[in-house]
Amino acid sequence: EPEVTQTPSHQVTQMGQEVILRCVPISNHLYFYWYRQILGQKVEFLVSFYNNEISEKSEIFDDQFSVERPDGSNFTLKIRSTKLEDSAMYFCASITNTEAFFGQGTRLTVV
Amino acid sequence: DAKTTQPPSMDCAEGRAANLPCNHSTISGNEYVYWYRQIHSQGPQYIIHGLKNNETNEMASLIITEDRKSSTLILPHATLRDTAVYYCIVRVVTDSNYQLIWGAGTKLIIKP
């Protein structure tokens with residue numbers, strides 16, 4: 001079964017530092033998404049990406065965040081100047097017309 | 001805003017059928033109902049989806065009411081490994097996107 005791969009599985013960073021979370025989506029999929037889940041809370045949409053550009057973003061996805069697909073395979077989420085409240089699980093999803101496949105997530109801990 | 005409502009938690013005995021309800025009274029005609037589950041904050045795992053008709057796969061069955069305002073996920077023979085948070089999700093189609101609208105989920109505990 002095809003799978004979405006995320007790296008790293010766990011990242012600890014100091015407040016104010018920049019982090020890059022990486023995702024390798026399924027190669028023939030067209031839509032890519034980032035979600036986050038703060039511990040004990042529900043999954044929240046951050047941003048969707050289609051045809052090499054952002055197609056939709058949530059209120060959470062402010063100027064602190066950016067996404068890109070630099071080489072046609074990796075799909076990255078960059079968080080500039082991390083804050084304590086950015087600590088969460090971040091999930092990448094790769095989506096077709098009918099199915100959404102999620103990676104196992106990156107646990108980001110900001111200290 | 002979530003388009004689904006689910007009970008926050010449910011128990012089920014091992015070996016019995018687990019029936020998880022979901023209300024989606026504001027669902028539109030072209031919006032699918034999806035079910036995912038999440039075990040210990042791992043990545044959400046796809047279970048099943050449907051539009052109007054009942055669906056069955058190797059994991060579960062999905063029963064959608066005729067008015068599409070509610071649905072039930074059925075795990076026919078629950079095992080301890082089915083303990084997880086189960087999310088009923090509506091997939092919305094926008095001009096540029098598919099969007100999964102997540103609810104709060106049901107924490108299902110399978111008891112021996």
# chains A, B, ... in the order shown; residues from 1 in each chain; ligands from 1
>>> interface_residues(of="chain B", to="chain A", cutoff="7 Å", atoms="only C-alpha atoms", output="JSON, numbers by chain")
{"B": [42, 43, 44, 96, 97, 102, 104]}
>>> residues_around(residues="stretch 105-112 of chain B", least_positions_apart="5", cutoff="10 Å", atoms="only C-alpha atoms", output="ChimeraX atom specification")
/A:41-43 /B:4-16,18-22,35-39,78-89
>>> write_last_selection(atoms="N, CA, C and O atoms", output="short mmCIF file (atom, residue, chain, number, x, y, z; two decimals), in the first residue's frame")
data_model
loop_
_atom_site.label_atom_id
_atom_site.label_comp_id
_atom_site.auth_asym_id
_atom_site.auth_seq_id
_atom_site.Cartn_x
_atom_site.Cartn_y
_atom_site.Cartn_z
N GLN A 41 -6.20 17.46 21.55
CA GLN A 41 -7.20 18.22 20.80
C GLN A 41 -7.42 17.59 19.43
O GLN A 41 -6.78 16.61 19.06
N LYS A 42 -8.35 18.17 18.68
CA LYS A 42 -8.67 17.58 17.39
C LYS A 42 -7.69 18.02 16.32
O LYS A 42 -6.88 18.93 16.51
N VAL A 43 -7.74 17.35 15.20
CA VAL A 43 -6.88 17.66 14.07
C VAL A 43 -7.34 18.96 13.43
O VAL A 43 -8.53 19.16 13.17
N THR B 4 -19.77 17.64 11.85
CA THR B 4 -20.18 16.36 12.43
C THR B 4 -20.21 16.45 13.94
O THR B 4 -19.45 17.21 14.54
N THR B 5 -21.09 15.67 14.54
CA THR B 5 -21.11 15.52 15.98
C THR B 5 -21.08 14.04 16.32
O THR B 5 -21.80 13.24 15.70
N GLN B 6 -20.27 13.72 17.30
CA GLN B 6 -20.10 12.34 17.74
C GLN B 6 -20.10 12.29 19.25
O GLN B 6 -19.69 13.25 19.90
N PRO B 7 -20.48 11.15 19.81
CA PRO B 7 -20.34 11.02 21.28
C PRO B 7 -18.86 11.04 21.62
O PRO B 7 -18.04 10.51 20.89
N PRO B 8 -18.50 11.64 22.75
CA PRO B 8 -17.07 11.75 23.08
C PRO B 8 -16.40 10.41 23.38
O PRO B 8 -15.21 10.26 23.13
N SER B 9 -17.17 9.46 23.90
CA SER B 9 -16.55 8.17 24.22
C SER B 9 -17.59 7.06 24.20
O SER B 9 -18.79 7.30 24.37
N MET B 10 -17.09 5.84 23.97
CA MET B 10 -17.93 4.64 23.97
C MET B 10 -17.08 3.46 24.42
O MET B 10 -15.87 3.43 24.19
N ASP B 11 -17.75 2.49 25.03
CA ASP B 11 -17.11 1.22 25.37
C ASP B 11 -17.75 0.12 24.54
O ASP B 11 -18.92 0.21 24.15
N CYS B 12 -16.99 -0.94 24.30
CA CYS B 12 -17.52 -2.10 23.60
C CYS B 12 -16.76 -3.32 24.09
O CYS B 12 -15.54 -3.26 24.32
N ALA B 13 -17.46 -4.43 24.22
CA ALA B 13 -16.80 -5.66 24.65
C ALA B 13 -16.08 -6.30 23.47
O ALA B 13 -16.57 -6.28 22.32
N GLU B 14 -14.92 -6.86 23.76
CA GLU B 14 -14.15 -7.55 22.74
C GLU B 14 -14.99 -8.64 22.09
O GLU B 14 -15.69 -9.40 22.77
N GLY B 15 -14.92 -8.72 20.75
CA GLY B 15 -15.67 -9.73 20.03
C GLY B 15 -17.07 -9.30 19.60
O GLY B 15 -17.68 -9.93 18.74
N ARG B 16 -17.55 -8.22 20.21
CA ARG B 16 -18.87 -7.72 19.84
C ARG B 16 -18.73 -6.68 18.74
O ARG B 16 -17.64 -6.19 18.44
N ALA B 18 -18.98 -3.05 17.32
CA ALA B 18 -18.94 -1.67 17.81
C ALA B 18 -19.68 -0.80 16.81
O ALA B 18 -19.36 -0.82 15.62
N ASN B 19 -20.67 -0.06 17.29
CA ASN B 19 -21.46 0.81 16.43
C ASN B 19 -21.23 2.26 16.84
O ASN B 19 -21.63 2.67 17.92
N LEU B 20 -20.59 3.01 15.97
CA LEU B 20 -20.25 4.38 16.29
C LEU B 20 -21.12 5.33 15.48
O LEU B 20 -21.04 5.36 14.25
N PRO B 21 -21.94 6.13 16.17
CA PRO B 21 -22.85 7.03 15.45
C PRO B 21 -22.20 8.37 15.13
O PRO B 21 -21.25 8.80 15.79
N CYS B 22 -22.76 9.01 14.11
CA CYS B 22 -22.29 10.33 13.72
C CYS B 22 -23.46 11.11 13.12
O CYS B 22 -24.20 10.58 12.30
N TRP B 35 -14.52 8.13 7.45
CA TRP B 35 -14.16 7.71 8.80
C TRP B 35 -12.67 7.40 8.85
O TRP B 35 -12.14 6.67 8.00
N TYR B 36 -12.02 7.99 9.84
CA TYR B 36 -10.62 7.71 10.13
C TYR B 36 -10.51 7.34 11.61
O TYR B 36 -11.38 7.68 12.41
N ARG B 37 -9.42 6.68 11.94
CA ARG B 37 -9.16 6.46 13.36
C ARG B 37 -7.71 6.81 13.65
O ARG B 37 -6.86 6.82 12.76
N GLN B 38 -7.47 7.08 14.91
CA GLN B 38 -6.15 7.49 15.34
C GLN B 38 -5.80 6.75 16.63
O GLN B 38 -6.54 6.82 17.62
N ILE B 39 -4.70 6.04 16.57
CA ILE B 39 -4.25 5.26 17.71
C ILE B 39 -3.03 5.95 18.32
O ILE B 39 -2.03 6.14 17.64
N ALA B 78 -15.07 -6.41 17.24
CA ALA B 78 -14.05 -5.53 17.78
C ALA B 78 -12.97 -6.31 18.55
O ALA B 78 -13.27 -7.26 19.28
N THR B 79 -11.73 -5.89 18.37
CA THR B 79 -10.61 -6.46 19.12
C THR B 79 -9.98 -5.35 19.95
O THR B 79 -10.26 -4.15 19.75
N LEU B 80 -9.10 -5.74 20.85
CA LEU B 80 -8.45 -4.76 21.71
C LEU B 80 -7.67 -3.74 20.89
O LEU B 80 -7.55 -2.57 21.29
N ARG B 81 -7.17 -4.16 19.74
CA ARG B 81 -6.40 -3.25 18.89
C ARG B 81 -7.26 -2.20 18.20
O ARG B 81 -6.73 -1.29 17.56
N ASP B 82 -8.56 -2.35 18.31
CA ASP B 82 -9.46 -1.34 17.74
C ASP B 82 -9.67 -0.16 18.68
O ASP B 82 -10.37 0.80 18.33
N THR B 83 -9.09 -0.23 19.87
CA THR B 83 -9.18 0.91 20.78
C THR B 83 -8.47 2.10 20.15
O THR B 83 -7.28 2.03 19.83
N ALA B 84 -9.20 3.20 19.96
CA ALA B 84 -8.67 4.36 19.24
C ALA B 84 -9.69 5.48 19.30
O ALA B 84 -10.82 5.30 19.79
N VAL B 85 -9.31 6.63 18.78
CA VAL B 85 -10.26 7.71 18.58
C VAL B 85 -10.74 7.64 17.13
O VAL B 85 -9.92 7.59 16.21
N TYR B 86 -12.05 7.60 16.95
CA TYR B 86 -12.64 7.45 15.63
C TYR B 86 -13.25 8.79 15.20
O TYR B 86 -14.08 9.36 15.93
N TYR B 87 -12.84 9.24 14.04
CA TYR B 87 -13.30 10.53 13.54
C TYR B 87 -14.25 10.34 12.35
O TYR B 87 -13.91 9.66 11.38
N CYS B 88 -15.39 10.95 12.46
CA CYS B 88 -16.34 11.05 11.36
C CYS B 88 -16.10 12.41 10.71
O CYS B 88 -16.10 13.44 11.39
N ILE B 89 -15.88 12.40 9.42
CA ILE B 89 -15.40 13.60 8.74
C ILE B 89 -16.24 13.83 7.49
O ILE B 89 -16.58 12.88 6.78
#
>>> atom_distance(atom1="atom CA of A:Val12", atom2="atom CA of A:Val111")
7.3 Å
>>> closest_residue(among="A:Ile26, A:Ile20, A:Met15, A:Val110", to="A:Glu3", atoms="only C-alpha atoms")
A:Ile26
>>> atom_distance(atom1="atom CA of A:Thr13", atom2="atom CA of A:Glu53")
27.5 Å
>>> closest_residue(among="A:Glu85, A:Glu18, A:Ser73, A:Ile60", to="A:Tyr35", atoms="only C-alpha atoms")
A:Ile60
